[in-house]
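Structure file protein-v3.pdb with PDB, C-alpha atoms:
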```pdb
MODEL        1
ATOM      1  CA  MET A   1      13.910 -15.136 -81.164
ATOM      2  CA  LYS A   2      16.302 -15.173 -78.230
ATOM      3  CA  THR A   3      15.147 -14.057 -74.722
ATOM      4  CA  MET A   4      17.315 -11.294 -73.273
ATOM      5  CA  TYR A   5      18.423 -11.910 -69.684
ATOM      6  CA  LYS A   6      19.416  -9.101 -67.347
ATOM      7  CA  ASN A   7      22.865  -9.004 -65.858
ATOM      8  CA  ILE A   8      22.794 -10.881 -62.513
ATOM      9  CA  THR A   9      24.985  -8.187 -60.929
ATOM     10  CA  ALA A  10      22.457  -5.476 -61.786
ATOM     11  CA  ILE A  11      19.604  -7.551 -60.324
ATOM     12  CA  LEU A  12      21.480  -8.133 -57.050
ATOM     13  CA  ARG A  13      22.365  -4.452 -56.835
ATOM     14  CA  THR A  14      18.711  -3.495 -57.273
ATOM     15  CA  ASN A  15      17.585  -5.995 -54.638
ATOM     16  CA  ARG A  16      20.184  -4.724 -52.187
ATOM     17  CA  PHE A  17      19.036  -1.158 -52.763
ATOM     18  CA  VAL A  18      15.403  -2.097 -52.072
ATOM     19  CA  VAL A  19      16.348  -3.975 -48.891
ATOM     20  CA  LEU A  20      18.408  -1.028 -47.625
ATOM     21  CA  ILE A  21      15.515   1.364 -48.235
ATOM     22  CA  VAL A  22      13.092  -0.918 -46.360
ATOM     23  CA  VAL A  23      15.483  -1.319 -43.403
ATOM     24  CA  ILE A  24      16.178   2.421 -43.179
ATOM     25  CA  ALA A  25      12.469   3.273 -43.415
ATOM     26  CA  SER A  26      11.613   0.722 -40.689
ATOM     27  CA  THR A  27      14.343   2.086 -38.428
ATOM     28  CA  LEU A  28      13.150   5.656 -38.897
ATOM     29  CA  CYS A  29       9.536   4.652 -38.156
ATOM     30  CA  THR A  30      10.617   2.824 -34.993
ATOM     31  CA  LEU A  31      12.695   5.757 -33.747
ATOM     32  CA  GLY A  32       9.865   8.146 -34.504
ATOM     33  CA  SER A  33       7.395   5.995 -32.562
ATOM     34  CA  VAL A  34       9.748   5.834 -29.572
ATOM     35  CA  LEU A  35      10.235   9.607 -29.588
ATOM     36  CA  VAL A  36       6.486  10.271 -29.807
ATOM     37  CA  ALA A  37       5.782   7.816 -26.974
ATOM     38  CA  TYR A  38       8.469   9.407 -24.783
ATOM     39  CA  GLN A  39       7.150  12.899 -25.486
ATOM     40  CA  MET A  40       3.612  11.810 -24.559
ATOM     41  CA  TYR A  41       4.955  10.238 -21.353
ATOM     42  CA  ARG A  42       6.676  13.484 -20.365
ATOM     43  CA  GLU A  43       3.544  15.481 -21.075
ATOM     44  CA  THR A  44       1.383  13.183 -18.940
ATOM     45  CA  ARG A  45       3.827  13.526 -16.034
ATOM     46  CA  THR A  46       3.809  17.305 -16.111
ATOM     47  CA  GLY A  47       0.094  17.748 -16.438
ATOM     48  CA  ASN A  48      -3.121  15.807 -16.843
ATOM     49  CA  PHE A  49      -6.617  17.000 -17.429
ATOM     50  CA  ALA A  50     -10.052  15.801 -16.476
ATOM     51  CA  ILE A  51     -13.457  16.844 -17.731
ATOM     52  CA  GLY A  52     -15.790  18.275 -15.105
ATOM     53  CA  THR A  53     -19.521  17.629 -14.859
ATOM     54  CA  ASP A  54     -20.192  20.924 -16.642
ATOM     55  CA  GLY A  55     -17.828  20.070 -19.505
ATOM     56  CA  SER A  56     -14.967  22.268 -18.289
ATOM     57  CA  ILE A  57     -11.363  21.080 -18.361
ATOM     58  CA  ILE A  58      -9.786  20.641 -14.944
ATOM     59  CA  PRO A  59      -5.968  20.483 -14.725
ATOM     60  CA  LEU A  60      -4.653  17.699 -12.526
ATOM     61  CA  LYS A  61      -1.363  17.863 -10.677
ATOM     62  CA  TRP A  62       0.944  14.832 -10.758
ATOM     63  CA  THR A  63       1.821  13.919  -7.187
ATOM     64  CA  LEU A  64       4.905  11.861  -6.541
ATOM     65  CA  GLN A  65       4.412   8.726  -4.478
ATOM     66  CA  GLN A  66       7.040   9.894  -2.020
ATOM     67  CA  GLU A  67       4.931  12.902  -1.027
ATOM     68  CA  ASN A  68       2.152  10.609   0.157
ATOM     69  CA  ARG A  69       4.342   8.407   2.353
ATOM     70  CA  GLU A  70       3.379  10.141   5.590
ATOM     71  CA  VAL A  71      -0.326   9.937   4.767
ATOM     72  CA  GLU A  72       0.025   6.268   3.862
ATOM     73  CA  ALA A  73       1.958   5.576   7.057
ATOM     74  CA  LEU A  74      -0.799   7.098   9.185
ATOM     75  CA  ALA A  75      -3.460   5.174   7.261
ATOM     76  CA  HIS A  76      -1.484   1.944   7.649
ATOM     77  CA  ILE A  77      -1.135   2.369  11.415
ATOM     78  CA  GLU A  78      -4.794   3.288  11.850
ATOM     79  CA  GLN A  79      -5.927   0.331   9.772
ATOM     80  CA  PHE A  80      -3.749  -2.026  11.799
ATOM     81  CA  HIS A  81      -5.103  -0.805  15.136
ATOM     82  CA  LYS A  82      -8.704  -1.036  13.963
ATOM     83  CA  TYR A  83      -8.173  -4.613  12.813
ATOM     84  CA  PHE A  84      -6.164  -5.679  15.854
ATOM     85  CA  TYR A  85      -8.366  -4.118  18.544
ATOM     86  CA  GLY A  86     -11.756  -3.716  16.845
ATOM     87  CA  ILE A  87     -12.963  -7.278  17.332
ATOM     88  CA  ASP A  88     -15.919  -9.262  18.566
ATOM     89  CA  ALA A  89     -16.882 -12.927  18.754
ATOM     90  CA  SER A  90     -18.039 -13.025  15.136
ATOM     91  CA  ASN A  91     -15.153 -11.316  13.356
ATOM     92  CA  TYR A  92     -12.054 -11.570  15.546
ATOM     93  CA  GLN A  93     -10.364 -14.310  13.510
ATOM     94  CA  LYS A  94     -10.783 -12.462  10.218
ATOM     95  CA  HIS A  95      -9.712  -9.126  11.694
ATOM     96  CA  LEU A  96      -6.659 -10.570  13.419
ATOM     97  CA  GLU A  97      -5.571 -12.327  10.238
ATOM     98  CA  LYS A  98      -5.707  -9.024   8.351
ATOM     99  CA  ALA A  99      -3.837  -7.245  11.155
ATOM    100  CA  LEU A 100      -1.048  -9.835  11.167
ATOM    101  CA  TRP A 101      -0.380  -9.161   7.475
ATOM    102  CA  LEU A 102       0.385  -5.517   8.355
ATOM    103  CA  GLY A 103       3.173  -6.295  10.841
ATOM    104  CA  ASP A 104       6.135  -8.593  11.379
ATOM    105  CA  SER A 105       6.872 -11.154  14.096
ATOM    106  CA  SER A 106       6.691  -8.493  16.831
ATOM    107  CA  VAL A 107       2.967  -8.121  16.116
ATOM    108  CA  ASP A 108       2.615 -11.893  16.059
ATOM    109  CA  ASN A 109       4.321 -12.076  19.469
ATOM    110  CA  VAL A 110       1.786  -9.646  20.965
ATOM    111  CA  TYR A 111      -1.020 -11.696  19.434
ATOM    112  CA  ARG A 112       0.373 -14.945  20.855
ATOM    113  CA  GLN A 113       0.772 -13.380  24.302
ATOM    114  CA  LYS A 114      -2.837 -12.205  24.262
ATOM    115  CA  LYS A 115      -3.950 -15.643  23.152
ATOM    116  CA  ALA A 116      -1.964 -17.285  25.961
ATOM    117  CA  ASP A 117      -3.512 -14.858  28.458
ATOM    118  CA  GLY A 118      -6.980 -15.975  27.377
ATOM    119  CA  VAL A 119      -8.074 -12.656  25.890
ATOM    120  CA  TYR A 120      -9.801 -14.248  22.909
ATOM    121  CA  ASN A 121     -11.341 -17.041  24.990
ATOM    122  CA  ARG A 122     -13.002 -14.419  27.211
ATOM    123  CA  LEU A 123     -14.147 -12.608  24.084
ATOM    124  CA  LEU A 124     -15.992 -15.746  22.974
ATOM    125  CA  GLN A 125     -17.148 -16.834  26.421
ATOM    126  CA  TYR A 126     -18.777 -13.537  27.360
ATOM    127  CA  SER A 127     -19.667 -12.340  23.816
ATOM    128  CA  LEU A 128     -17.668  -9.157  24.276
ATOM    129  CA  VAL A 129     -17.619  -6.406  21.657
ATOM    130  CA  GLN A 130     -14.423  -4.380  21.432
ATOM    131  CA  LYS A 131     -14.754  -1.216  19.353
ATOM    132  CA  VAL A 132     -12.006   1.249  18.437
ATOM    133  CA  LEU A 133     -13.156   4.837  18.943
ATOM    134  CA  SER A 134     -10.063   6.727  17.811
ATOM    135  CA  VAL A 135      -6.426   6.292  16.797
ATOM    136  CA  GLU A 136      -4.046   9.234  17.203
ATOM    137  CA  THR A 137      -0.523   8.727  15.914
ATOM    138  CA  ASP A 138       2.698  10.741  16.056
ATOM    139  CA  LEU A 139       5.296   9.942  13.382
ATOM    140  CA  PHE A 140       9.020  10.469  13.786
ATOM    141  CA  GLY A 141      11.767  10.248  11.190
ATOM    142  CA  GLU A 142      11.646  10.367   7.424
ATOM    143  CA  ALA A 143       9.765   8.408   4.789
ATOM    144  CA  GLY A 144      10.941   4.832   4.713
ATOM    145  CA  ALA A 145      12.282   4.977   8.282
ATOM    146  CA  PHE A 146       9.331   6.070  10.396
ATOM    147  CA  SER A 147       8.869   5.297  14.054
ATOM    148  CA  PHE A 148       5.522   5.967  15.692
ATOM    149  CA  GLN A 149       3.656   6.315  18.932
ATOM    150  CA  SER A 150      -0.094   5.822  18.938
ATOM    151  CA  ARG A 151      -2.885   6.505  21.397
ATOM    152  CA  VAL A 152      -5.752   4.092  20.842
ATOM    153  CA  VAL A 153      -9.073   4.639  22.591
ATOM    154  CA  PHE A 154     -11.457   1.696  22.518
ATOM    155  CA  GLU A 155     -14.444   0.464  24.441
ATOM    156  CA  ILE A 156     -15.457  -3.001  25.561
ATOM    157  CA  ASP A 157     -19.171  -3.673  25.624
ATOM    158  CA  ARG A 158     -20.073  -6.330  28.172
ATOM    159  CA  GLY A 159     -23.801  -6.079  27.600
ATOM    160  CA  SER A 160     -25.099  -3.853  30.376
ATOM    161  CA  VAL A 161     -21.667  -2.388  31.105
ATOM    162  CA  THR A 162     -19.371  -0.534  28.713
ATOM    163  CA  ASP A 163     -15.811   0.277  29.749
ATOM    164  CA  THR A 164     -13.481   2.631  27.884
ATOM    165  CA  TYR A 165      -9.718   2.126  27.725
ATOM    166  CA  GLU A 166      -6.738   4.052  26.439
ATOM    167  CA  LEU A 167      -3.771   2.124  25.069
ATOM    168  CA  GLN A 168      -0.358   3.564  24.213
ATOM    169  CA  THR A 169       1.525   1.647  21.500
ATOM    170  CA  SER A 170       4.795   2.177  19.657
ATOM    171  CA  GLY A 171       6.729   0.676  16.790
ATOM    172  CA  GLN A 172       8.556   1.301  13.558
ATOM    173  CA  LEU A 173       7.651   1.139   9.881
ATOM    174  CA  ILE A 174       9.756  -0.346   7.116
ATOM    175  CA  ARG A 175       9.060  -0.359   3.399
ATOM    176  CA  VAL A 176       8.135  -3.547   1.575
ATOM    177  CA  ASP A 177       6.849  -4.217  -1.908
ATOM    178  CA  ARG A 178       3.606  -2.448  -2.583
ATOM    179  CA  HIS A 179       0.709  -4.880  -2.628
ATOM    180  CA  PHE A 180       2.708  -7.276  -0.484
ATOM    181  CA  PRO A 181       0.044  -9.904   0.357
ATOM    182  CA  LYS A 182      -2.948  -8.084   1.862
ATOM    183  CA  ASN A 183      -0.806  -4.991   2.475
ATOM    184  CA  PRO A 184      -1.785  -2.138   0.118
ATOM    185  CA  HIS A 185       0.491   0.594   1.530
ATOM    186  CA  GLY A 186       3.876  -1.069   1.022
ATOM    187  CA  LEU A 187       4.701  -0.704   4.737
ATOM    188  CA  LEU A 188       5.283  -3.175   7.565
ATOM    189  CA  ILE A 189       5.079  -2.568  11.312
ATOM    190  CA  THR A 190       8.131  -3.756  13.230
ATOM    191  CA  ALA A 191       9.279  -3.559  16.874
ATOM    192  CA  TYR A 192       5.639  -3.292  17.916
ATOM    193  CA  PHE A 193       4.964  -2.884  21.616
ATOM    194  CA  GLU A 194       2.001  -2.145  23.869
ATOM    195  CA  ASN A 195       3.340   0.395  26.332
ATOM    196  CA  GLN A 196       0.503   1.310  28.647
ATOM    197  CA  LEU A 197      -3.153   0.402  29.104
ATOM    198  CA  LYS A 198      -5.424   2.348  31.382
ATOM    199  CA  LYS A 199      -9.132   2.579  31.994
ATOM    200  CA  VAL A 200     -10.734   5.963  31.415
ATOM    201  CA  ASN A 201     -14.117   7.173  32.547
ATOM    202  CA  ASP A 202     -14.865  10.187  30.386
ATOM    203  CA  LEU A 203     -13.283  11.191  27.097
TER     204      LEU A 203
ENDMDL
END
```

As structure tokens, how would this structure be written, given the file I've shared?
Amino acid sequence: MKTMYKNITAILRTNRFVVLIVVIASTLCTLGSVLVAYQMYRETRTGNFAIGTDGSIIPLKWTLQQENREVEALAHIEQFHKYFYGIDASNYQKHLEKALWLGDSSVDNVYRQKKADGVYNRLLQYSLVQKVLSVETDLFGEAGAFSFQSRVVFEIDRGSVTDTYELQTSGQLIRVDRHFPKNPHGLLITAYFENQLKKVNDL
């Protein structure tokens, strides 16, 4: 008995039909996944929710990064001043290293001038403790192009004697990549200058 073979043209037509169906179905699934992901992304940007301790749902507001620039600028400046001026014999190298990451060469120039004047040698020789009491900063300009003036109050503990000083500083802030080495705010202090230092008795 002879075996009946199908027409090769019919077989190829069937195979092509199956391939087309698979390709079309895969394309539709991919497009559907992209649309669902995009819709979920839009929903998470417009509103998020958290669960409170009592089980209630708390709506969260999405805050754009730009709105926090002023807060970050103030935090950056305060952190720099606390590192740069809040030093003692045991931590000054570590604090100064962190402070230098927050500014450019203008900060490094101030550091080198202090080093040449023997500030850090006296710190070690007499075991001085320099503690920042407050940092008050005025910002000028817009986000990404801030200039600032700061009033730093710190005290120097010489053992039996404690002197309080007020330092006026100024500079500018430029934006850099966020998480630039040891710089979490994405800002860099430039044109830094110590304007005036005076001793104060009572605050």

Report task. Would you kindly identify which residues have an atom no farther than 10 Å from (-14.6, -1.0, 26.2), using all atoms listed in the file and the file's own coordinates, and write them out as a PyMOL selection string? Result -> chain A and resi 128-133+153-158+161-166+199-200

Requested in this report: Could you tell me which residues the PyMOL selection byres ((chain A and resi 137) around 7) returns for this structure, as a PyMOL selection string?
Outcome: chain A and resi 74+135-136+138-139+148-151

His95 in chain A environment, 9 Å, all atoms listed in the file, sequence neighbours closer than 6 positions dropped, as a tab-separated table (two decimals) with C-alpha atoms, in the frame of the given file:
```tsv
chain	number	residue	atom	x	y	z
A	82	LYS	CA	-8.70	-1.04	13.96
A	83	TYR	CA	-8.17	-4.61	12.81
A	84	PHE	CA	-6.16	-5.68	15.85
A	85	TYR	CA	-8.37	-4.12	18.54
A	86	GLY	CA	-11.76	-3.72	16.84
A	87	ILE	CA	-12.96	-7.28	17.33
```

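Taking CA of Thr169 in chain A as the reference point, CA of Leu96 in chain A is found at 16.8 Å.
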
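We find CA of Val107 in chain A and CA of Tyr192 in chain A to be spaced 5.8 Å apart.
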
Requested in this report: Could you tell me how far CA of Ala99 in chain A lies from CA of Ser134 in chain A, in Å and to one decimal?
Outcome: 16.7 Å

Contact residues around range 172-178 of chain A with all atoms listed in the file at 8 Å, ignoring same-chain residues under 6 positions, as a short mmCIF file (atom, residue, chain, number, x, y, z; two decimals) with C-alpha atoms, in the coordinates of the input:
```
data_model
loop_
_atom_site.label_atom_id
_atom_site.label_comp_id
_atom_site.auth_asym_id
_atom_site.auth_seq_id
_atom_site.Cartn_x
_atom_site.Cartn_y
_atom_site.Cartn_z
CA ALA A 73 1.96 5.58 7.06
CA GLY A 144 10.94 4.83 4.71
CA ALA A 145 12.28 4.98 8.28
CA PHE A 146 9.33 6.07 10.40
CA SER A 147 8.87 5.30 14.05
CA PHE A 148 5.52 5.97 15.69
CA PRO A 184 -1.78 -2.14 0.12
CA HIS A 185 0.49 0.59 1.53
CA GLY A 186 3.88 -1.07 1.02
CA LEU A 187 4.70 -0.70 4.74
CA LEU A 188 5.28 -3.18 7.56
CA ILE A 189 5.08 -2.57 11.31
CA THR A 190 8.13 -3.76 13.23
CA ALA A 191 9.28 -3.56 16.87
CA TYR A 192 5.64 -3.29 17.92
#
```

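Closest approach to Lys98 in chain A among A:Phe80, A:Gly118, A:Lys198, A:His179: A:Phe80, based on only C-alpha atoms.
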